[in-house]
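Q: Okay, handing you the structure first.
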Amino acid sequence: MSPRRVRRCGRRWLAPSALVVRAILLLLLALVAACATNPVTGEREFTLMSESQEIALGRESDAQVRAEMGVYNDPALAKYVSDIGLRLAKLSERPNLPWQFTVVDQPAINAFALPGGFIYITRGILPFLENEAELAGVLGHEIGHVTARHSARQYTRTLGGVAALGALGVLVPAARPFSQISEQALGLLFLKYGRSDELQADQLGARYEADGAWDPAGVSGMLSTLGLLDDANGSRKGIPNWLSTHPDPLVRVSQIEPLVAKLKSGRSDFVTNREILEQRVDGVIVGDNPEQGVTRGSTFLHPPLRFRIDFPAKWEIANSPQQVVAKAPDAEVFLLLQAVSTPQGQTGRDVALSHMQAAGFRSQSGDRTTINGLDAFVGVYQGQIEGLGEVTSRAAHILHRGQYYFVAGLVAPAMFEQADSSFMAAIRSFRPLTDAEAQAIRPARIDFYTGRGGDTWGSLAERSGGAIRPSTLAV
């Protein structure tokens with residue numbers, strides 16, 4: 001009989017049980033299995049996500065992305081983007097992933113990747129790409145994040161994928177208690193990669209471009225344009241976009257240029273295909289899509305749902321398929337608009353109280369009223385908001401065309417009296433749109449115009465009817 005170590009427990013001497021030994025062995029095996037080889041570097045690295053798990057998470061989250069962001073309805077454009085993406089992906093270190101490329105119906109300037117090969121580009125970034133090589137640069141960059149397993153590593157670091165940046169399309173934490181968006185499924189979309197990950201994705205994107213005969217300068221060109229756009233906007237506020245999740249684009253231009261020069265050395269077969277890109281993006285919607293509601297100044301209008309609401313002047317407004325959030329400039333004061341479920345047979349009071357109670361708010365007062373001919377229940381509530389603490393809310397539940405709409409102001413209790421007049425003004429402004437008003441709302445679209453003597457960026461921007469600012473148009 002071979003000697004074995006024993007441990008003492010009270011007065012009895014116990015040998016390690018077979019179950020304990022088995023558990024330790026399984027743990028060791030799991031740790032060994034978690035040390036996977038990175039497809040790009042060939043180095044061993046610790047990860048809690050296998051390739052099959054990457055694909056499964058990507059597929060699960062893809063359904064959420066499509067539901068929450070919407071897919072842009074342009075089959076020819078979708079095929080164009082997908083063909084370029086698939087061609088690049090086949091040149092990568094992971095050609096056999098179930099690669100999928102989707103144009104999402106969002107005005108934000110963004111492109112992002114999910115584990116497993118699910119790549120998304122917003123229609124909002126397309127007007128700012130000069131040629132097809134820059135489009136390939138954007139797609140190649142996101143492919144690089146997948147092939148180098150950056151998302152998978154971030155998932156491991158967040159211990160199960162609950163990312164710190166929270167839900168998609170939410171301007172402020174105040175919206176979260178009322179949101180139906182899955183933070184676990186969509187939080188991965190806006191992980192902030194480290195500088196080394198970004199540089200590696202830039203390098204991989206340039207290499208994939210060169211292998212596909214696109215000019216690898218498309219990567220640096222795209223970074224330069226987006227950096228200038230950042231300066232033109234003078235802010236990174238609002239819905240998370242490419243500029244807030246992919247930091248320092250102008251700094252990265254100088255970092256990628258040596259590789260671009262090396263890739264171009266001795267070759268003359270690269271293409272940029274500017275005319276082809278222009279043909280494909282001609283007519284693409286710019287800014288809000290009326291099908292999802294549009295912002296005109298401080299007014300939000302939703303043609304399909306036939307309503308409008310006026311937010312306070314100069315407040316920042318962010319629209320997503322689930323909700324609209326407006327924020328006061330330089331103050332933690334918010335207004336929230338969204339539809340709520342409408343149970344059969346319940347009064348407005350019942351709907352309001354059950355909805356607010358489910359969100360963790362206590363009713364302080366409330367009365368039934370009418371707002372521009374619509375039945376409504378308006379009350380004051382107290383509750384807790386993650387990131388804001390204790391808040392007071394002036395909230396209205398307004399019945400319009402068989403659906404209740406929730407309009408709520410949110411602010412710290414000490415500031416409620418000061419903010420309540422703005423809350424009530426917004427609530428009272430909610431009114432139906434006539435059919436004629438709804439039909440008159442048209443989206444802004446990309447159009448090509450030949451400049452003439454005397455034109456200025458200001459005069460050209462005026463042709464858009466306010467859809468774009470002169471500084472942004474100049475980019």
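Within each chain, counting starts at residue 1; across the structure tokens, chains are named A, B, ... in the order shown, with ligands numbered 1 upward in that order.
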Would you please give, as number ranges by chain, all residues of region 255-390 of chain A that DSSP assigns to strand (DSSP E) based on the backbone?

A: A: 285-286, 294-296, 299-302, 307-310, 316-319, 324-327, 334-340, 362-371, 374-385, 389-390

Q: Would you mind listing what lies within 9 Å of Pro443 (chain A) as a PyMOL selection string, with only C-alpha atoms counted and same-chain residues fewer than 6 positions away left out?

A: chain A and resi 285-290+294

Q: How about saving the chosen residues, all heavy atoms kept, as an mmCIF file, in the first residue's frame?

A:
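Listed below is the output, selection_26.cif:
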data_model
loop_
_atom_site.group_PDB
_atom_site.id
_atom_site.type_symbol
_atom_site.label_atom_id
_atom_site.label_comp_id
_atom_site.auth_asym_id
_atom_site.auth_seq_id
_atom_site.Cartn_x
_atom_site.Cartn_y
_atom_site.Cartn_z
ATOM 1 N N ILE A 285 -30.299 56.644 -46.436
ATOM 2 C CA ILE A 285 -30.862 57.576 -45.459
ATOM 3 C C ILE A 285 -29.764 58.105 -44.557
ATOM 4 O O ILE A 285 -28.901 57.366 -44.081
ATOM 5 C CB ILE A 285 -31.957 56.887 -44.620
ATOM 6 C CG1 ILE A 285 -33.177 56.578 -45.499
ATOM 7 C CG2 ILE A 285 -32.373 57.760 -43.441
ATOM 8 C CD1 ILE A 285 -34.271 55.812 -44.772
ATOM 9 N N VAL A 286 -29.800 59.416 -44.303
ATOM 10 C CA VAL A 286 -28.886 60.082 -43.382
ATOM 11 C C VAL A 286 -29.681 60.572 -42.188
ATOM 12 O O VAL A 286 -30.767 61.140 -42.339
ATOM 13 C CB VAL A 286 -28.179 61.272 -44.070
ATOM 14 C CG1 VAL A 286 -27.270 61.997 -43.089
ATOM 15 C CG2 VAL A 286 -27.380 60.792 -45.271
ATOM 16 N N GLY A 287 -29.154 60.364 -40.990
ATOM 17 C CA GLY A 287 -29.870 60.786 -39.793
ATOM 18 C C GLY A 287 -30.995 59.815 -39.462
ATOM 19 O O GLY A 287 -30.954 58.632 -39.815
ATOM 20 N N ASP A 288 -32.018 60.314 -38.804
ATOM 21 C CA ASP A 288 -33.113 59.455 -38.352
ATOM 22 C C ASP A 288 -33.924 58.922 -39.529
ATOM 23 O O ASP A 288 -34.138 59.608 -40.530
ATOM 24 C CB ASP A 288 -34.052 60.223 -37.422
ATOM 25 C CG ASP A 288 -33.395 60.596 -36.104
ATOM 26 O OD1 ASP A 288 -32.490 59.857 -35.682
ATOM 27 O OD2 ASP A 288 -33.776 61.620 -35.516
ATOM 28 N N ASN A 289 -34.390 57.687 -39.351
ATOM 29 C CA ASN A 289 -35.309 57.072 -40.305
ATOM 30 C C ASN A 289 -36.731 57.306 -39.808
ATOM 31 O O ASN A 289 -37.056 56.923 -38.680
ATOM 32 C CB ASN A 289 -35.023 55.569 -40.397
ATOM 33 C CG ASN A 289 -35.827 54.891 -41.487
ATOM 34 O OD1 ASN A 289 -36.861 55.387 -41.918
ATOM 35 N ND2 ASN A 289 -35.360 53.732 -41.931
ATOM 36 N N PRO A 290 -37.595 57.946 -40.601
ATOM 37 C CA PRO A 290 -38.963 58.201 -40.137
ATOM 38 C C PRO A 290 -39.695 56.954 -39.660
ATOM 39 O O PRO A 290 -40.613 57.048 -38.839
ATOM 40 C CB PRO A 290 -39.645 58.809 -41.376
ATOM 41 C CG PRO A 290 -38.530 59.450 -42.123
ATOM 42 C CD PRO A 290 -37.341 58.545 -41.930
ATOM 43 N N VAL A 294 -38.245 60.544 -35.918
ATOM 44 C CA VAL A 294 -37.217 61.510 -36.298
ATOM 45 C C VAL A 294 -37.189 62.658 -35.304
ATOM 46 O O VAL A 294 -38.195 62.995 -34.671
ATOM 47 C CB VAL A 294 -37.452 62.058 -37.722
ATOM 48 C CG1 VAL A 294 -37.445 60.940 -38.752
ATOM 49 C CG2 VAL A 294 -38.751 62.842 -37.797
#

Q: Can you tell me, as a ChimeraX atom specification, what residues are no more than 7 Å from Val104 (chain A) when counting only C-alpha atoms, ignoring any on the same chain fewer than 4 positions away?

A: /A:69-72,120-123

Q: Which of these, A:Arg394, A:Arg445, A:Arg296, A:Arg349, has the shortest distance to Asp375 (chain A) once you count only C-alpha atoms?

A: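 For Asp375 (chain A), the nearest of the given residues is A:Arg349.
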
Q: Between A:Leu114, A:Ala461, A:Ala326, A:Val260, single out the one closest to Ala408 (chain A), counting only C-alpha atoms.

A: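 Looking only at the distances to Ala408 (chain A), the closest residue turns out to be A:Ala326.
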
Q: When distances are computed from only C-alpha atoms, which of A:Leu305, A:Ala217, A:Leu86, A:Met222 shows the smallest separation from Lys262 (chain A)?

A: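 When distances to Lys262 (chain A) are compared using only C-alpha atoms, the smallest one comes from A:Ala217.
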
Q: So that I can see what lies close to region 277-283 of chain A, please list as a list in words the residues with an atom at most 9 Å from it, counting only C-alpha atoms and leaving out residues fewer than 4 positions away in the same chain.

A: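 Close residues of region 277-283 of chain A: Ala76, Leu77, Tyr80, Arg123, Leu126, Pro127, Leu129, Glu130, Asn131, Glu132, Leu135, Asn273, Ala444, Arg445, Ile446, Asp447 and Phe448 of chain A.
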
Q: Need to verify the contact set: region 354-362 of chain A, 9 Å, only C-alpha atoms, exclusion of same-chain residues closer than 6 positions in sequence. Can you return it as a PDB file with N, CA, C and O atoms, in the first residue's frame?

A:
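That gives us part-v9.pdb:
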ATOM      1  N   PRO A 177     -34.001  50.936 -15.824  1.00  0.00           N
ATOM      2  CA  PRO A 177     -35.102  50.202 -15.190  1.00  0.00           C
ATOM      3  C   PRO A 177     -36.298  50.011 -16.094  1.00  0.00           C
ATOM      4  O   PRO A 177     -37.107  49.122 -15.878  1.00  0.00           O
ATOM      5  N   PHE A 178     -36.446  50.863 -17.109  1.00  0.00           N
ATOM      6  CA  PHE A 178     -37.607  50.786 -17.984  1.00  0.00           C
ATOM      7  C   PHE A 178     -37.286  50.118 -19.312  1.00  0.00           C
ATOM      8  O   PHE A 178     -38.124  50.009 -20.175  1.00  0.00           O
ATOM      9  N   VAL A 340     -45.472  51.288 -23.395  1.00  0.00           N
ATOM     10  CA  VAL A 340     -45.570  50.275 -22.336  1.00  0.00           C
ATOM     11  C   VAL A 340     -46.684  49.307 -22.708  1.00  0.00           C
ATOM     12  O   VAL A 340     -47.576  49.628 -23.487  1.00  0.00           O
ATOM     13  N   SER A 341     -46.614  48.119 -22.136  1.00  0.00           N
ATOM     14  CA  SER A 341     -47.639  47.116 -22.421  1.00  0.00           C
ATOM     15  C   SER A 341     -48.996  47.621 -21.962  1.00  0.00           C
ATOM     16  O   SER A 341     -49.110  48.339 -20.970  1.00  0.00           O
ATOM     17  N   VAL A 380     -46.547  61.676  -9.581  1.00  0.00           N
ATOM     18  CA  VAL A 380     -45.194  61.906  -9.081  1.00  0.00           C
ATOM     19  C   VAL A 380     -44.766  60.649  -8.331  1.00  0.00           C
ATOM     20  O   VAL A 380     -45.546  60.075  -7.549  1.00  0.00           O
ATOM     21  N   TYR A 381     -43.521  60.226  -8.557  1.00  0.00           N
ATOM     22  CA  TYR A 381     -43.030  58.959  -8.008  1.00  0.00           C
ATOM     23  C   TYR A 381     -41.619  59.145  -7.445  1.00  0.00           C
ATOM     24  O   TYR A 381     -40.877  60.037  -7.864  1.00  0.00           O
ATOM     25  N   GLN A 382     -41.278  58.274  -6.505  1.00  0.00           N
ATOM     26  CA  GLN A 382     -39.935  58.250  -5.919  1.00  0.00           C
ATOM     27  C   GLN A 382     -39.324  56.885  -6.183  1.00  0.00           C
ATOM     28  O   GLN A 382     -40.012  55.860  -6.129  1.00  0.00           O
ATOM     29  N   GLY A 383     -38.021  56.879  -6.473  1.00  0.00           N
ATOM     30  CA  GLY A 383     -37.360  55.601  -6.710  1.00  0.00           C
ATOM     31  C   GLY A 383     -35.855  55.749  -6.754  1.00  0.00           C
ATOM     32  O   GLY A 383     -35.310  56.851  -6.594  1.00  0.00           O
ATOM     33  N   GLN A 384     -35.187  54.646  -6.987  1.00  0.00           N
ATOM     34  CA  GLN A 384     -33.731  54.601  -7.088  1.00  0.00           C
ATOM     35  C   GLN A 384     -33.336  54.302  -8.526  1.00  0.00           C
ATOM     36  O   GLN A 384     -33.934  53.447  -9.172  1.00  0.00           O
ATOM     37  N   SER A 393     -39.681  61.466  -9.998  1.00  0.00           N
ATOM     38  CA  SER A 393     -40.127  61.405 -11.390  1.00  0.00           C
ATOM     39  C   SER A 393     -41.523  61.992 -11.530  1.00  0.00           C
ATOM     40  O   SER A 393     -42.428  61.669 -10.757  1.00  0.00           O
TER      41      SER A 393
END

Q: Taking 3 positions as the minimum chain separation for residues in the same chain, which residues sit within 9 Å of Gln403 (chain A) when counting only C-alpha atoms? Answer as a list of chain:residue names.

A: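 My list of contacting residues is A:Ala339, A:Val340, A:Ser341, A:Thr342, A:Ile398, A:Leu399, A:His400.
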
Q: If you measure from CA of Tyr405 (chain A) to CA of Ala419 (chain A), what distance in Å do you get, rounded to one decimal?

A: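 According to the coordinates, CA of Tyr405 (chain A) and CA of Ala419 (chain A) are separated by 20.8 Å.
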
Q: So what do you get for CA of Asp455 (chain A) versus CA of Leu473 (chain A), distance-wise?

A: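 Result for CA of Asp455 (chain A) versus CA of Leu473 (chain A): 12.7 Å, one decimal.
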
Q: Using DSSP assignments from the backbone, pull out every residue in region 217-408 of chain A that falls under helix (DSSP H, G or I) and give it to me as a PyMOL selection string.

A: chain A and resi 217-233+242-245+249-264+274-281+290-292+348-358

Q: Would you output that residue set with C-alpha atoms, as a tab-separated table (two decimals), in the first residue's frame?

A:
chain	number	residue	atom	x	y	z
A	217	ALA	CA	-4.27	53.07	-47.14
A	218	GLY	CA	-8.03	52.68	-46.78
A	219	VAL	CA	-7.42	51.96	-43.08
A	220	SER	CA	-5.44	55.14	-42.45
A	221	GLY	CA	-7.82	57.15	-44.66
A	222	MET	CA	-10.80	55.93	-42.70
A	223	LEU	CA	-9.08	56.75	-39.39
A	224	SER	CA	-8.17	60.25	-40.61
A	225	THR	CA	-11.73	61.00	-41.70
A	226	LEU	CA	-13.26	59.78	-38.45
A	227	GLY	CA	-10.72	61.73	-36.43
A	228	LEU	CA	-11.61	64.91	-38.31
A	229	LEU	CA	-15.29	64.15	-37.81
A	230	ASP	CA	-14.68	63.86	-34.07
A	231	ASP	CA	-13.12	67.33	-34.10
A	232	ALA	CA	-15.98	68.73	-36.21
A	233	ASN	CA	-18.59	67.42	-33.80
A	242	TRP	CA	-17.26	54.27	-33.33
A	243	LEU	CA	-15.49	57.39	-32.09
A	244	SER	CA	-16.22	56.65	-28.43
A	245	THR	CA	-15.44	52.94	-28.55
A	249	PRO	CA	-8.16	57.64	-34.50
A	250	LEU	CA	-5.70	60.37	-35.51
A	251	VAL	CA	-2.99	59.00	-33.23
A	252	ARG	CA	-3.44	55.58	-34.77
A	253	VAL	CA	-2.91	56.96	-38.28
A	254	SER	CA	0.79	57.50	-37.56
A	255	GLN	CA	1.01	54.03	-36.01
A	256	ILE	CA	-0.42	52.23	-39.03
A	257	GLU	CA	1.31	54.22	-41.79
A	258	PRO	CA	4.66	52.32	-41.67
A	259	LEU	CA	2.83	49.01	-42.28
A	260	VAL	CA	0.74	50.57	-45.06
A	261	ALA	CA	3.93	51.78	-46.77
A	262	LYS	CA	5.47	48.33	-46.46
A	263	LEU	CA	2.39	46.61	-47.88
A	264	LYS	CA	2.27	49.01	-50.84
A	274	ARG	CA	-14.51	55.23	-55.33
A	275	GLU	CA	-17.14	55.32	-58.07
A	276	ILE	CA	-18.53	51.93	-57.08
A	277	LEU	CA	-18.96	52.99	-53.44
A	278	GLU	CA	-20.66	56.22	-54.49
A	279	GLN	CA	-23.13	54.32	-56.64
A	280	ARG	CA	-23.97	51.99	-53.76
A	281	VAL	CA	-24.49	54.68	-51.10
A	290	PRO	CA	-38.96	58.20	-40.14
A	291	GLU	CA	-39.96	54.56	-39.70
A	292	GLN	CA	-38.26	54.72	-36.29
A	348	GLY	CA	-54.84	54.33	-17.05
A	349	ARG	CA	-54.31	54.46	-13.30
A	350	ASP	CA	-53.88	50.69	-13.13
A	351	VAL	CA	-51.39	50.70	-16.01
A	352	ALA	CA	-49.40	53.58	-14.51
A	353	LEU	CA	-49.16	52.22	-10.98
A	354	SER	CA	-48.31	48.66	-12.01
A	355	HIS	CA	-45.68	49.88	-14.49
A	356	MET	CA	-43.98	52.19	-11.98
A	357	GLN	CA	-44.15	49.62	-9.20
A	358	ALA	CA	-42.49	47.04	-11.44

Q: Please list as a ChimeraX atom specification every residue within 7 Å of region 329-337 of chain A, counting only C-alpha atoms and excluding residues in the same chain fewer than 5 positions away.

A: /A:315-316,323-324,406-411

Q: Next, write the just-selected residues to a file, as a short mmCIF file (atom, residue, chain, number, x, y, z; two decimals), in the first residue's frame, keeping N, CA, C and O atoms as the atom set.

A:
data_model
loop_
_atom_site.label_atom_id
_atom_site.label_comp_id
_atom_site.auth_asym_id
_atom_site.auth_seq_id
_atom_site.Cartn_x
_atom_site.Cartn_y
_atom_site.Cartn_z
N TRP A 315 -31.80 70.48 -25.42
CA TRP A 315 -31.55 69.19 -24.76
C TRP A 315 -31.04 68.20 -25.81
O TRP A 315 -31.45 68.23 -26.97
N GLU A 316 -30.15 67.32 -25.38
CA GLU A 316 -29.64 66.28 -26.28
C GLU A 316 -30.64 65.13 -26.34
O GLU A 316 -31.10 64.64 -25.30
N GLN A 323 -36.71 53.22 -26.95
CA GLN A 323 -37.03 54.40 -26.16
C GLN A 323 -36.33 55.63 -26.73
O GLN A 323 -35.38 55.54 -27.50
N VAL A 324 -36.81 56.79 -26.29
CA VAL A 324 -36.18 58.07 -26.59
C VAL A 324 -35.79 58.69 -25.26
O VAL A 324 -36.60 58.72 -24.32
N PHE A 406 -45.36 56.23 -22.22
CA PHE A 406 -44.80 56.64 -20.94
C PHE A 406 -43.85 57.81 -21.17
O PHE A 406 -42.86 57.69 -21.89
N VAL A 407 -44.18 58.97 -20.60
CA VAL A 407 -43.32 60.15 -20.68
C VAL A 407 -42.95 60.53 -19.26
O VAL A 407 -43.83 60.85 -18.44
N ALA A 408 -41.66 60.48 -18.94
CA ALA A 408 -41.25 60.67 -17.55
C ALA A 408 -40.03 61.56 -17.44
O ALA A 408 -39.05 61.40 -18.19
N GLY A 409 -40.07 62.51 -16.52
CA GLY A 409 -38.90 63.28 -16.15
C GLY A 409 -38.25 62.65 -14.94
O GLY A 409 -38.93 62.14 -14.05
N LEU A 410 -36.92 62.65 -14.90
CA LEU A 410 -36.17 62.03 -13.81
C LEU A 410 -35.10 63.01 -13.34
O LEU A 410 -34.31 63.53 -14.14
N VAL A 411 -35.06 63.23 -12.01
CA VAL A 411 -34.10 64.18 -11.47
C VAL A 411 -33.93 63.90 -9.98
O VAL A 411 -34.80 63.28 -9.34
#

Q: Would you mind telling me which residue in A:Leu199, A:Val325, A:Val146, A:Ala136 lies nearest to Trp214 (chain A) when using only C-alpha atoms?

A: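 Of A:Leu199, A:Val325, A:Val146, A:Ala136, the one nearest Trp214 (chain A) is A:Ala136, counting only C-alpha atoms.
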